[in-house]
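Have a look at target21.tsv below; it lists TSV, C-alpha atoms.
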```
chain	number	residue	atom	x	y	z
A	1	MET	CA	0.00	0.00	0.00
A	2	ASN	CA	1.12	3.55	-0.67
A	3	GLN	CA	0.80	6.45	1.72
A	4	PRO	CA	-2.25	8.60	0.93
A	5	SER	CA	-1.63	12.00	-0.61
A	6	THR	CA	-2.18	15.06	1.58
A	7	GLU	CA	-3.34	17.10	-1.40
A	8	GLY	CA	-6.30	16.90	-3.74
A	9	VAL	CA	-8.60	13.86	-3.88
A	10	ASN	CA	-7.65	10.16	-3.78
A	11	ARG	CA	-9.58	6.89	-3.95
A	12	GLY	CA	-7.49	5.32	-1.18
A	13	ALA	CA	-4.02	4.01	-0.31
A	14	ALA	CA	-4.53	0.34	-1.21
A	15	ARG	CA	-2.63	-1.09	-4.19
A	16	LEU	CA	-3.12	-4.73	-5.18
A	17	SER	CA	0.10	-6.72	-5.33
A	18	GLY	CA	0.81	-10.42	-5.06
A	19	PHE	CA	4.02	-12.45	-4.71
A	20	ASP	CA	6.61	-13.63	-7.23
A	21	GLU	CA	7.00	-16.92	-5.31
A	22	PRO	CA	4.30	-19.31	-6.64
A	23	GLU	CA	3.31	-20.98	-3.35
A	24	MET	CA	2.92	-17.69	-1.50
A	25	GLU	CA	0.93	-16.31	-4.42
A	26	TYR	CA	-1.41	-19.32	-4.31
A	27	GLN	CA	-1.86	-19.06	-0.55
A	28	LEU	CA	-2.69	-15.37	-0.92
A	29	LEU	CA	-5.27	-16.30	-3.57
A	30	ARG	CA	-6.62	-18.98	-1.24
A	31	GLY	CA	-7.21	-16.42	1.51
A	32	LEU	CA	-8.89	-14.04	-0.91
A	33	GLY	CA	-11.07	-16.82	-2.30
A	34	VAL	CA	-12.96	-17.48	0.92
A	35	CYS	CA	-13.91	-13.80	1.09
A	36	SER	CA	-16.83	-14.81	-1.15
A	37	TYR	CA	-18.44	-16.53	1.84
A	38	GLY	CA	-17.27	-14.32	4.70
A	39	GLY	CA	-13.86	-15.88	5.38
A	40	GLY	CA	-11.92	-12.62	4.99
A	41	THR	CA	-11.88	-9.16	3.50
A	42	LEU	CA	-9.69	-7.86	0.71
A	43	GLY	CA	-8.56	-4.88	2.76
A	44	GLU	CA	-7.44	-6.89	5.79
A	45	ILE	CA	-5.61	-9.46	3.67
A	46	MET	CA	-3.79	-6.84	1.64
A	47	VAL	CA	-2.64	-5.11	4.83
A	48	ALA	CA	-1.24	-8.46	5.99
A	49	ARG	CA	0.45	-8.84	2.61
A	50	GLU	CA	2.02	-5.38	3.03
A	51	ASN	CA	3.23	-6.32	6.51
A	52	ILE	CA	4.96	-9.41	5.12
A	53	ASP	CA	7.12	-7.19	2.93
A	54	ALA	CA	7.84	-4.86	5.84
A	55	ARG	CA	8.94	-7.76	8.05
A	56	MET	CA	11.21	-9.18	5.36
A	57	ARG	CA	12.96	-5.84	5.13
A	58	GLY	CA	13.52	-5.82	8.90
A	59	PRO	CA	16.96	-5.52	10.53
A	60	GLU	CA	17.11	-9.09	11.86
A	61	PRO	CA	18.39	-11.84	9.49
A	62	ALA	CA	15.58	-14.22	10.49
A	63	ALA	CA	13.05	-11.64	9.36
A	64	ALA	CA	13.99	-12.36	5.74
A	65	ASP	CA	12.42	-15.84	5.99
A	66	PRO	CA	9.14	-15.46	4.06
A	67	ALA	CA	7.42	-18.25	6.01
A	68	ARG	CA	8.13	-16.52	9.34
A	69	ALA	CA	7.07	-13.16	7.95
A	70	TRP	CA	3.82	-14.66	6.63
A	71	THR	CA	3.02	-16.39	9.93
A	72	ALA	CA	3.75	-13.30	12.00
A	73	SER	CA	1.66	-11.06	9.75
A	74	PHE	CA	-1.40	-13.30	9.59
A	75	SER	CA	-1.31	-14.29	13.26
A	76	GLY	CA	-1.17	-10.58	14.15
A	77	LEU	CA	-4.14	-9.87	11.90
A	78	ALA	CA	-6.05	-12.83	13.33
A	79	GLN	CA	-5.57	-11.67	16.92
A	80	GLN	CA	-6.66	-8.15	16.03
A	81	VAL	CA	-9.85	-9.32	14.28
A	82	GLU	CA	-10.62	-11.85	17.02
A	83	GLU	CA	-10.43	-9.00	19.53
A	84	TYR	CA	-12.94	-7.06	17.43
A	85	GLY	CA	-15.25	-10.06	17.61
A	86	ARG	CA	-14.97	-10.65	21.34
A	87	ARG	CA	-15.49	-6.96	22.04
A	88	ALA	CA	-18.58	-6.88	19.82
A	89	LEU	CA	-19.96	-9.98	21.51
A	90	ALA	CA	-19.45	-8.49	24.98
A	91	GLN	CA	-21.39	-5.43	23.82
A	92	GLY	CA	-24.26	-7.53	22.47
A	93	HIS	CA	-23.52	-7.05	18.74
A	94	ARG	CA	-23.96	-10.67	17.69
A	95	VAL	CA	-23.82	-10.28	13.91
A	96	SER	CA	-20.66	-8.17	14.01
A	97	ALA	CA	-19.11	-10.58	16.49
A	98	ARG	CA	-19.92	-13.55	14.29
A	99	GLU	CA	-18.47	-11.97	11.16
A	100	HIS	CA	-15.26	-10.88	12.91
A	101	LEU	CA	-14.71	-14.28	14.55
A	102	LEU	CA	-15.25	-16.24	11.36
A	103	ARG	CA	-12.72	-14.08	9.54
A	104	ALA	CA	-10.27	-14.43	12.41
A	105	SER	CA	-10.55	-18.20	12.12
A	106	MET	CA	-9.34	-18.09	8.53
A	107	TYR	CA	-6.50	-15.68	9.34
A	108	TYR	CA	-5.31	-18.05	12.05
A	109	ARG	CA	-5.49	-20.88	9.49
A	110	ALA	CA	-3.32	-18.84	7.13
A	111	ALA	CA	-0.78	-18.30	9.93
A	112	GLU	CA	-0.82	-22.03	10.72
A	113	TYR	CA	-0.10	-22.95	7.09
A	114	PHE	CA	3.47	-21.63	6.86
A	115	CYS	CA	4.30	-22.25	10.53
A	116	ASP	CA	6.80	-25.01	11.26
A	117	PRO	CA	4.65	-28.04	12.27
A	118	TYR	CA	7.27	-29.13	14.80
A	119	LYS	CA	7.08	-25.84	16.69
A	120	PRO	CA	4.43	-25.02	19.36
A	121	ASP	CA	3.01	-22.06	17.43
A	122	HIS	CA	1.74	-24.38	14.69
A	123	ARG	CA	-0.70	-26.01	17.10
A	124	ARG	CA	-1.33	-22.69	18.85
A	125	TRP	CA	-2.60	-20.99	15.69
A	126	GLY	CA	-4.50	-24.12	14.65
A	127	ILE	CA	-6.37	-24.37	17.94
A	128	ALA	CA	-7.04	-20.62	17.80
A	129	SER	CA	-8.58	-21.10	14.34
A	130	ARG	CA	-10.83	-23.85	15.66
A	131	GLU	CA	-11.90	-21.89	18.74
A	132	ALA	CA	-12.63	-18.68	16.83
A	133	PHE	CA	-14.69	-20.64	14.32
A	134	ILE	CA	-16.68	-22.49	16.98
A	135	LEU	CA	-17.52	-19.28	18.81
A	136	GLY	CA	-18.40	-17.44	15.60
A	137	ALA	CA	-20.46	-20.33	14.23
A	138	SER	CA	-22.42	-20.54	17.50
A	139	LEU	CA	-23.83	-17.12	16.59
A	140	LEU	CA	-25.28	-18.24	13.25
A	141	ASP	CA	-29.07	-18.32	12.92
A	142	ILE	CA	-28.80	-22.11	12.84
A	143	PRO	CA	-25.69	-22.89	14.89
A	144	VAL	CA	-23.12	-25.39	13.65
A	145	GLN	CA	-22.99	-28.64	15.60
A	146	VAL	CA	-19.48	-29.46	16.84
A	147	VAL	CA	-19.13	-33.23	16.46
A	148	GLN	CA	-16.81	-35.92	17.80
A	149	ILE	CA	-17.15	-39.11	15.73
A	150	PRO	CA	-15.80	-42.20	17.57
A	151	TYR	CA	-12.75	-43.64	15.83
A	152	GLU	CA	-10.28	-46.22	17.12
A	153	GLY	CA	-10.57	-45.14	20.75
A	154	LEU	CA	-10.30	-41.45	19.87
A	155	TRP	CA	-12.54	-39.23	17.73
A	156	ILE	CA	-12.71	-37.54	14.36
A	157	PRO	CA	-13.40	-33.78	14.63
A	158	ALA	CA	-16.27	-32.62	12.44
A	159	TYR	CA	-18.94	-29.98	12.00
A	160	TYR	CA	-22.53	-30.83	11.10
A	161	LEU	CA	-24.78	-28.21	9.55
A	162	THR	CA	-28.44	-28.42	8.67
A	163	PRO	CA	-30.46	-25.84	6.73
A	164	GLU	CA	-33.55	-25.95	8.93
A	165	GLY	CA	-32.44	-26.54	12.48
A	166	ASN	CA	-34.58	-29.25	14.09
A	167	ALA	CA	-37.17	-29.42	11.29
A	168	GLN	CA	-38.48	-32.91	10.63
A	169	GLY	CA	-37.72	-34.87	7.47
A	170	ARG	CA	-34.79	-36.55	5.77
A	171	ARG	CA	-32.64	-34.43	3.50
A	172	LYS	CA	-29.90	-34.76	0.90
A	173	THR	CA	-26.56	-34.80	2.66
A	174	LEU	CA	-23.03	-33.96	1.59
A	175	LEU	CA	-19.95	-35.36	3.33
A	176	VAL	CA	-16.95	-33.12	2.62
A	177	ASN	CA	-13.36	-34.27	3.08
A	178	THR	CA	-10.49	-31.80	3.01
A	179	GLY	CA	-6.98	-32.59	1.77
A	180	PHE	CA	-3.30	-32.19	2.60
A	181	ASP	CA	-3.40	-28.87	4.44
A	182	GLY	CA	-7.02	-27.71	4.57
A	183	SER	CA	-9.24	-27.77	7.63
A	184	SER	CA	-12.91	-28.43	8.27
A	185	GLU	CA	-13.25	-24.79	9.35
A	186	GLU	CA	-12.05	-23.74	5.91
A	187	LEU	CA	-14.51	-26.19	4.33
A	188	TYR	CA	-17.36	-24.12	5.75
A	189	PHE	CA	-16.30	-21.21	3.52
A	190	GLN	CA	-15.27	-23.35	0.56
A	191	VAL	CA	-18.49	-25.36	0.31
A	192	GLY	CA	-20.49	-25.50	3.57
A	193	ARG	CA	-22.26	-22.16	3.18
A	194	ALA	CA	-23.13	-23.00	-0.42
A	195	ALA	CA	-24.56	-26.37	0.68
A	196	LEU	CA	-26.82	-24.76	3.26
A	197	ASP	CA	-28.08	-22.24	0.71
A	198	ARG	CA	-29.22	-25.21	-1.38
A	199	HIS	CA	-30.89	-27.01	1.56
A	200	TYR	CA	-28.36	-29.80	2.01
A	201	ASN	CA	-27.21	-31.22	5.29
A	202	VAL	CA	-23.42	-31.05	5.29
A	203	LEU	CA	-20.79	-32.83	7.37
A	204	LEU	CA	-17.28	-31.34	7.30
A	205	ILE	CA	-14.53	-33.66	8.53
A	206	ASP	CA	-10.80	-33.86	9.26
A	207	GLY	CA	-9.52	-37.44	9.16
A	208	PRO	CA	-6.29	-38.93	10.54
A	209	GLY	CA	-3.26	-36.87	9.56
A	210	GLN	CA	-5.33	-33.92	8.38
A	211	THR	CA	-5.03	-30.44	9.84
A	212	GLY	CA	-7.92	-30.52	12.31
A	213	MET	CA	-7.07	-34.03	13.50
A	214	THR	CA	-3.37	-33.38	14.07
A	215	ARG	CA	-4.17	-30.34	16.23
A	216	LEU	CA	-6.02	-32.68	18.60
A	217	HIS	CA	-4.49	-36.12	17.96
A	218	PRO	CA	-0.99	-35.49	16.52
A	219	GLN	CA	-0.07	-39.16	16.85
A	220	LEU	CA	-2.52	-40.08	14.07
A	221	LYS	CA	-1.07	-39.84	10.57
A	222	PHE	CA	-2.30	-40.17	6.99
A	223	ARG	CA	-3.34	-43.71	6.09
A	224	PRO	CA	-3.91	-45.10	2.58
A	225	ASP	CA	-6.98	-47.19	3.48
A	226	TRP	CA	-9.23	-44.16	3.93
A	227	GLU	CA	-12.29	-46.40	3.82
A	228	VAL	CA	-11.59	-47.23	7.48
A	229	PRO	CA	-12.14	-43.75	8.96
A	230	ILE	CA	-14.93	-43.07	6.45
A	231	LYS	CA	-16.79	-46.16	7.65
A	232	ALA	CA	-16.87	-44.63	11.12
A	233	VAL	CA	-18.08	-41.34	9.63
A	234	MET	CA	-20.79	-43.04	7.55
A	235	ASP	CA	-21.96	-45.08	10.55
A	236	TRP	CA	-22.48	-41.83	12.45
A	237	LEU	CA	-24.12	-40.06	9.52
A	238	CYS	CA	-26.51	-42.86	8.57
A	239	ALA	CA	-27.76	-43.13	12.16
A	240	ARG	CA	-29.16	-39.58	12.01
A	241	PRO	CA	-32.93	-39.25	11.53
A	242	ASP	CA	-32.55	-36.17	9.29
A	243	VAL	CA	-30.36	-37.90	6.67
A	244	ASP	CA	-31.83	-39.50	3.55
A	245	THR	CA	-29.50	-42.49	3.24
A	246	ASP	CA	-30.37	-42.85	-0.46
A	247	ARG	CA	-29.04	-39.33	-1.12
A	248	ILE	CA	-25.61	-39.14	0.53
A	249	ALA	CA	-22.79	-37.72	-1.58
A	250	ALA	CA	-19.09	-37.40	-0.81
A	251	TYR	CA	-16.94	-34.51	-1.99
A	252	GLY	CA	-13.15	-34.61	-1.82
A	253	ILE	CA	-11.18	-31.37	-2.16
A	254	SER	CA	-7.48	-31.28	-3.13
A	255	LEU	CA	-5.79	-34.35	-1.59
A	256	GLY	CA	-9.32	-35.20	-0.48
A	257	GLY	CA	-9.73	-36.21	-4.13
A	258	TYR	CA	-7.72	-39.31	-3.26
A	259	PHE	CA	-9.30	-39.88	0.13
A	260	ALA	CA	-12.90	-39.56	-1.08
A	261	THR	CA	-12.27	-41.71	-4.15
A	262	ARG	CA	-10.60	-44.46	-2.15
A	263	ALA	CA	-13.45	-44.41	0.38
A	264	ALA	CA	-16.22	-44.42	-2.24
A	265	CYS	CA	-14.67	-47.46	-3.93
A	266	HIS	CA	-15.28	-49.44	-0.73
A	267	GLU	CA	-18.30	-47.69	0.82
A	268	PRO	CA	-21.59	-48.47	-0.96
A	269	ARG	CA	-23.53	-46.04	1.24
A	270	ILE	CA	-21.93	-43.18	-0.74
A	271	LYS	CA	-24.45	-42.71	-3.56
A	272	ALA	CA	-22.60	-40.01	-5.53
A	273	LEU	CA	-19.00	-38.81	-5.59
A	274	ALA	CA	-17.48	-35.48	-6.60
A	275	VAL	CA	-13.71	-34.99	-6.59
A	276	ASN	CA	-11.80	-31.77	-7.07
A	277	SER	CA	-9.59	-33.05	-8.56
A	278	PRO	CA	-9.45	-36.84	-9.02
A	279	ILE	CA	-6.29	-38.37	-7.54
A	280	VAL	CA	-5.77	-42.07	-8.18
A	281	ASP	CA	-2.00	-42.18	-7.60
A	282	LEU	CA	-0.85	-39.92	-4.80
A	283	LYS	CA	2.83	-40.64	-5.36
A	284	ALA	CA	2.73	-39.38	-8.94
A	285	TYR	CA	0.70	-36.37	-7.84
A	286	GLN	CA	2.89	-35.35	-4.89
A	287	LEU	CA	6.15	-35.85	-6.74
A	288	GLY	CA	4.85	-33.56	-9.46
A	289	PHE	CA	5.92	-30.73	-7.13
A	290	PHE	CA	9.54	-31.92	-7.25
A	291	PRO	CA	12.30	-32.18	-9.87
A	292	ALA	CA	11.89	-34.91	-12.49
A	293	GLY	CA	13.42	-38.28	-11.64
A	294	MET	CA	13.07	-37.91	-7.90
A	295	ALA	CA	10.68	-40.87	-7.63
A	296	ASP	CA	13.26	-43.22	-9.17
A	297	ASP	CA	16.23	-42.15	-7.07
A	298	PRO	CA	15.30	-39.72	-4.27
A	299	PRO	CA	18.25	-38.18	-2.46
A	300	GLU	CA	18.40	-38.80	1.25
A	301	LEU	CA	17.27	-35.80	3.24
A	302	LEU	CA	16.59	-36.13	6.95
A	303	LEU	CA	14.40	-33.81	8.96
A	304	GLU	CA	17.28	-32.97	11.28
A	305	TRP	CA	19.23	-31.54	8.33
A	306	PHE	CA	16.51	-29.18	7.08
A	307	ASP	CA	17.35	-26.02	8.95
A	308	GLY	CA	21.01	-26.25	7.98
A	309	VAL	CA	20.44	-26.45	4.23
A	310	PRO	CA	20.70	-23.01	2.57
A	311	SER	CA	17.76	-21.65	0.58
A	312	THR	CA	19.84	-21.80	-2.60
A	313	GLU	CA	19.81	-25.61	-2.32
A	314	LEU	CA	16.40	-26.11	-0.67
A	315	PRO	CA	13.96	-23.28	-1.49
A	316	ASP	CA	11.96	-22.08	1.50
A	317	SER	CA	8.60	-23.09	-0.01
A	318	LEU	CA	9.86	-26.63	-0.72
A	319	ARG	CA	11.34	-26.87	2.79
A	320	ALA	CA	7.95	-25.93	4.25
A	321	LEU	CA	6.14	-28.47	2.05
A	322	LEU	CA	8.50	-31.27	3.04
A	323	LYS	CA	8.24	-30.48	6.74
A	324	ILE	CA	4.47	-30.65	6.71
A	325	ALA	CA	4.59	-33.83	4.60
A	326	PHE	CA	6.97	-35.51	7.04
A	327	PHE	CA	4.77	-34.41	9.94
A	328	ARG	CA	1.48	-35.63	8.45
A	329	PHE	CA	2.84	-38.93	7.15
A	330	GLY	CA	4.91	-39.65	10.25
A	331	THR	CA	8.47	-39.91	8.91
A	332	ASN	CA	11.77	-38.04	9.13
A	333	SER	CA	13.32	-39.24	5.86
A	334	LEU	CA	12.70	-38.17	2.28
A	335	ARG	CA	13.40	-41.66	0.95
A	336	ASP	CA	11.03	-43.23	3.46
A	337	TRP	CA	8.32	-40.72	2.57
A	338	VAL	CA	8.63	-41.46	-1.15
A	339	ARG	CA	8.36	-45.20	-0.40
A	340	MET	CA	5.32	-44.64	1.84
A	341	LEU	CA	3.50	-42.97	-1.04
A	342	ASP	CA	3.42	-46.25	-2.98
A	343	ALA	CA	0.46	-47.41	-0.86
A	344	PHE	CA	-1.61	-44.31	-1.57
A	345	GLN	CA	-3.20	-45.34	-4.86
A	346	CYS	CA	-6.66	-46.48	-5.89
A	347	ARG	CA	-6.16	-47.31	-9.57
A	348	ASP	CA	-6.96	-50.95	-8.83
A	349	ASP	CA	-10.10	-50.02	-6.87
A	350	LEU	CA	-11.87	-47.98	-9.55
A	351	ALA	CA	-13.60	-51.07	-10.94
A	352	ARG	CA	-15.63	-51.08	-7.71
A	353	LEU	CA	-16.71	-47.45	-8.06
A	354	ARG	CA	-20.24	-47.69	-9.47
A	355	ALA	CA	-21.74	-44.50	-8.03
A	356	PRO	CA	-22.15	-41.56	-10.43
A	357	CYS	CA	-19.10	-39.29	-10.28
A	358	LEU	CA	-18.20	-35.69	-11.06
A	359	SER	CA	-14.59	-34.89	-11.95
A	360	MET	CA	-13.65	-31.24	-11.35
A	361	VAL	CA	-10.23	-29.93	-12.36
A	362	GLY	CA	-8.65	-26.56	-13.13
A	363	ALA	CA	-7.06	-26.16	-16.54
A	364	ALA	CA	-3.97	-24.55	-14.99
A	365	GLU	CA	-3.29	-27.29	-12.42
A	366	GLY	CA	-0.66	-28.95	-14.57
A	367	ALA	CA	-0.17	-32.09	-16.63
A	368	GLU	CA	-0.30	-34.65	-13.81
A	369	PRO	CA	-3.74	-33.66	-12.41
A	370	MET	CA	-5.17	-33.63	-15.95
A	371	LYS	CA	-3.64	-37.05	-16.63
A	372	GLN	CA	-5.13	-38.50	-13.45
A	373	ALA	CA	-8.54	-36.97	-14.20
A	374	GLU	CA	-8.49	-38.68	-17.60
A	375	TYR	CA	-7.56	-42.01	-16.00
A	376	PHE	CA	-10.34	-41.64	-13.43
A	377	LYS	CA	-12.92	-40.95	-16.13
A	378	ALA	CA	-11.78	-43.90	-18.23
A	379	HIS	CA	-11.60	-46.50	-15.44
A	380	ALA	CA	-14.36	-45.75	-12.91
A	381	ALA	CA	-17.07	-48.40	-13.25
A	382	GLY	CA	-19.92	-45.93	-12.98
A	383	PRO	CA	-20.78	-42.87	-15.08
A	384	VAL	CA	-18.37	-39.92	-14.84
A	385	ASP	CA	-19.19	-36.34	-15.77
A	386	GLU	CA	-16.37	-33.82	-16.04
A	387	HIS	CA	-15.94	-30.07	-15.73
A	388	VAL	CA	-12.58	-28.52	-16.60
A	389	PHE	CA	-12.53	-24.96	-15.24
A	390	SER	CA	-10.94	-22.46	-17.59
A	391	HIS	CA	-8.96	-19.26	-17.33
A	392	ALA	CA	-11.84	-17.44	-19.03
A	393	GLU	CA	-14.05	-18.47	-16.09
A	394	GLY	CA	-11.53	-17.11	-13.59
A	395	ALA	CA	-11.46	-20.59	-12.09
A	396	ASP	CA	-8.51	-22.49	-13.58
A	397	ALA	CA	-6.52	-22.63	-10.32
A	398	HIS	CA	-6.34	-25.60	-7.96
A	399	CYS	CA	-9.80	-26.19	-6.42
A	400	GLN	CA	-11.10	-23.03	-8.15
A	401	THR	CA	-9.76	-20.96	-5.28
A	402	ALA	CA	-10.38	-17.71	-7.14
A	403	ASN	CA	-14.01	-18.48	-8.01
A	404	LEU	CA	-15.66	-20.55	-5.30
A	405	PRO	CA	-19.23	-19.52	-6.23
A	406	LEU	CA	-18.79	-20.97	-9.73
A	407	SER	CA	-17.23	-24.12	-8.30
A	408	ALA	CA	-20.18	-24.53	-5.94
A	409	ALA	CA	-22.69	-23.97	-8.74
A	410	VAL	CA	-21.12	-26.73	-10.85
A	411	LEU	CA	-21.01	-29.12	-7.89
A	412	PHE	CA	-24.51	-28.57	-6.54
A	413	ASP	CA	-26.26	-28.31	-9.89
A	414	TRP	CA	-24.78	-31.71	-10.72
A	415	LEU	CA	-25.81	-33.14	-7.34
A	416	ASP	CA	-29.32	-31.72	-7.65
A	417	ASP	CA	-29.71	-33.52	-10.97
A	418	ARG	CA	-28.49	-36.80	-9.46
A	419	PHE	CA	-30.71	-36.51	-6.37
A	420	LYS	CA	-34.01	-35.37	-7.90
```
Is it possible to give me this structure as structure tokens?
Amino acid sequence: MNQPSTEGVNRGAARLSGFDEPEMEYQLLRGLGVCSYGGGTLGEIMVARENIDARMRGPEPAAADPARAWTASFSGLAQQVEEYGRRALAQGHRVSAREHLLRASMYYRAAEYFCDPYKPDHRRWGIASREAFILGASLLDIPVQVVQIPYEGLWIPAYYLTPEGNAQGRRKTLLVNTGFDGSSEELYFQVGRAALDRHYNVLLIDGPGQTGMTRLHPQLKFRPDWEVPIKAVMDWLCARPDVDTDRIAAYGISLGGYFATRAACHEPRIKALAVNSPIVDLKAYQLGFFPAGMADDPPELLLEWFDGVPSTELPDSLRALLKIAFFRFGTNSLRDWVRMLDAFQCRDDLARLRAPCLSMVGAAEGAEPMKQAEYFKAHAAGPVDEHVFSHAEGADAHCQTANLPLSAAVLFDWLDDRFK
């Protein structure tokens, strides 16, 4: 942002500017995307973006680390906006309180994203995101139900939303599974609000290894047989009197495209599946972020070496990605992680997938996601419809981050036609 002029007339000091670094640019776009459903404001996010630059120009050498600058800027914004919300609530301004707290939740999530998962602040900002969301969502006209689904002696954190409170009758229901680094709080803004507007029940979950689960049960890691936790989720969902068990759909976002597909191949109670985008081979997908040939002969890189490798050899964004991957998969070795990915595939399971499917993919996501979407369409046993989001639609990015309303329209129009 520029300083406002002291002479004449100006429109304001804000100037839109992103990042040259692709991952930071995408994460900025991700934060702006949820503004469509109340998960942020352009002005607040652009102030945080300005503060990142200011911190990186600071006098201390550590300040030049973009991940630290990002985390500090967004955690500061989150605390400020949360304070607005708590003050408004204390003064009886429920709508203002709700809107502030829901935004604060997403700013805490942004801070959590680039925070080192092995440091206490990662969990601190994650729990703060959850708590701000729960308080804000309790002020909705129909409050969100905070759910604990029993799972292997522990519980899966989830949120259950219904469009009509305690009204009688069974309704269409959408189970939404996030991916590698999303959270069920974020799912509310990505798809939950849109589901309620269309009179769906919606269950937003974090499974083992996912963001919301690792905040609460860090010992649980990603597992390839996702049908196991989804069975527990479906048992809980199908026991509800307001769920039409003939009209339950699953929607997997990002890495959730693998999880939801794997689950639907083994879970006949899922009557329709949408994936954004389809992932049938997680190893090929994940290694698409790395230099060619790494899958065949990955160099050894141990977690304990990370902080000593200069940015010229291990770019900061790649370092951050590897740390969170090691944390969520439960390893400290690059070679072990690459080997673990072999189990995360469902190519051989697609012959069991007879439910109607919707494949959603952005045209700018790269060759590997498009290749896997084509394989999914060709090998799923049931009918597959496809929507490739284009640049002309403003929606060609991963998970249509820049145009969530269009993404929701494609998803729910398709589901409405399946569940007439």
**OP:** Between A:Glu164, A:Asp316, A:Asp296, A:Glu368, single out the one closest to Leu282 (chain A), counting only C-alpha atoms.
**Re:** A:Glu368
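Proximity to His100 (chain A) was assessed for A:Ala69, A:Leu29, A:Met340, A:Leu139 counting all atoms listed in the file; the smallest distance is recorded for A:Leu139.
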Subject >> Selection: 9 Å around Gly18 (chain A), only C-alpha atoms, excl. self and same-chain fewer than 2 positions, as number ranges by chain >> reply: A: 16, 20-21, 24-25, 28-29, 46, 49
**OP:** For the point (-10.6, -25.3, 2.7) in the file's frame, write as number ranges by chain all residues with an atom no more than 9 Å away, counting only C-alpha atoms.
**Re:** A: 30, 34, 178-179, 181-191, 253-254
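When CA of Gly8 (chain A) is paired with CA of Glu44 (chain A), their separation reads 25.7 Å.
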Original post:
What is the CA of Arg240 (chain A)-CA of Arg170 (chain A) distance in Å, reported with one decimal?
Top reply: 8.9 Å
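The closest residue to Cys265 (chain A), picked from A:Pro356, A:Gly330, A:Pro369, A:Pro241 and counting only C-alpha atoms, is A:Pro356.
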